[in-house]
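*Asks:* Below: one structure in structure tokens.
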Amino acid sequence: MKVILLEKVQNLGKKFDIKDVSEGYARNFLFAKKLAKPANDETIKWADAEKKKKAYQQEEQLDQMQKIASKIDGFEVEIPVKIGKENQLFESVSASKIAAELKKADFEIDKNQVKLEKPIKELGEFPVKIGFEFGLEAEIKVIVIPEN
């Protein structure tokens, strides 16, 4: 029996795939859990339309991410921190602090997107990678300066 998967099913296929399965498996598992529909001309056309729609949406998302990545690439962000008499930092610069400064500059970046191996604990300029969906990356420069 041919079915169209409505969700990803482990060891069978991904969403909108057309698969040939036994009637018992289809009726007792896939249809019962609403994981699939019987494949006929109407549902195959529907699945094709949904695949195209999903591909278009992913293409739009990729284009949007590329624009954001190219806009932020090379951006410099200054982060003021409190320091002691001998230029030791009283606080470290973490991924969440960098993300907060980027949000002030109108970039919607989550702290999980900031690829920082360890917090920055000294004054100076540091290259930091920002990760995006679809494997895109951008590099910004974080400049840690003393707070006035």
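Going through the structure tokens in order, the chains are called A, B, and so on, while each chain numbers its residues from 1 and the ligands are numbered from 1 in the order shown.
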Would you mind listing what lies within 7 Å of Ile4 of chain A as JSON, numbers by chain, with only C-alpha atoms counted and same-chain residues fewer than 6 positions away left out?

*Replies:* {"A": [16, 17, 18, 19, 36, 37, 38, 39]}

*Asks:* Extract, using only C-alpha atoms, all DNA, RNA and protein residues at most 12 Å from segment 51-53 of chain A, discarding same-chain residues fewer than 2 positions from it, and format them as a ChimeraX atom specification.

*Replies:* /A:4-6,14-18,44-49,55-60

*Asks:* Name all residues at most 9 Å from Met65 of chain A (count only C-alpha atoms; drop same-chain ones fewer than 2 positions away) and give them as a list in words.

*Replies:*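 Surrounding residues, per the criterion: Glu60, Gln61, Leu62, Asp63, Lys67, Ile68, Ala69, Ser70, Phe132, Glu133, Phe134 and Leu136 of chain A.
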
*Asks:* Distance atom CA of Phe126 of chain A-atom CA of Val142 of chain A, one decimal place?

*Replies:* 5.1 Å

*Asks:* Could you give me the residues within segment 13-66 of chain A that DSSP places in strand (DSSP E), as a list in words?

*Replies:* Ile18, Lys19, Asp20, Ala36, Lys37 and Pro38 of chain A

*Asks:* Just checking: using only C-alpha atoms, which residue out of A:Glu108, A:Glu7, A:Glu76, A:Glu117 ends up closest to Val93 of chain A?

*Replies:*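 Nearest to Val93 of chain A: A:Glu117.
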
*Asks:* To one decimal in Å, tell me the separation between atom CA of Lys121 of chain A and atom CA of Val144 of chain A.

*Replies:*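 These atoms are spaced 9.0 Å apart.
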
*Asks:* Using DSSP on the backbone coordinates, identify all residues within chain A classified as alpha helix (DSSP H); present the result as a count of residues only.

*Replies:* 45

*Asks:* State, in Å with one decimal place, the distance from atom CA of Lys8 of chain A to atom CA of Ser22 of chain A.

*Replies:*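 Interatomic distance here is 17.7 Å.
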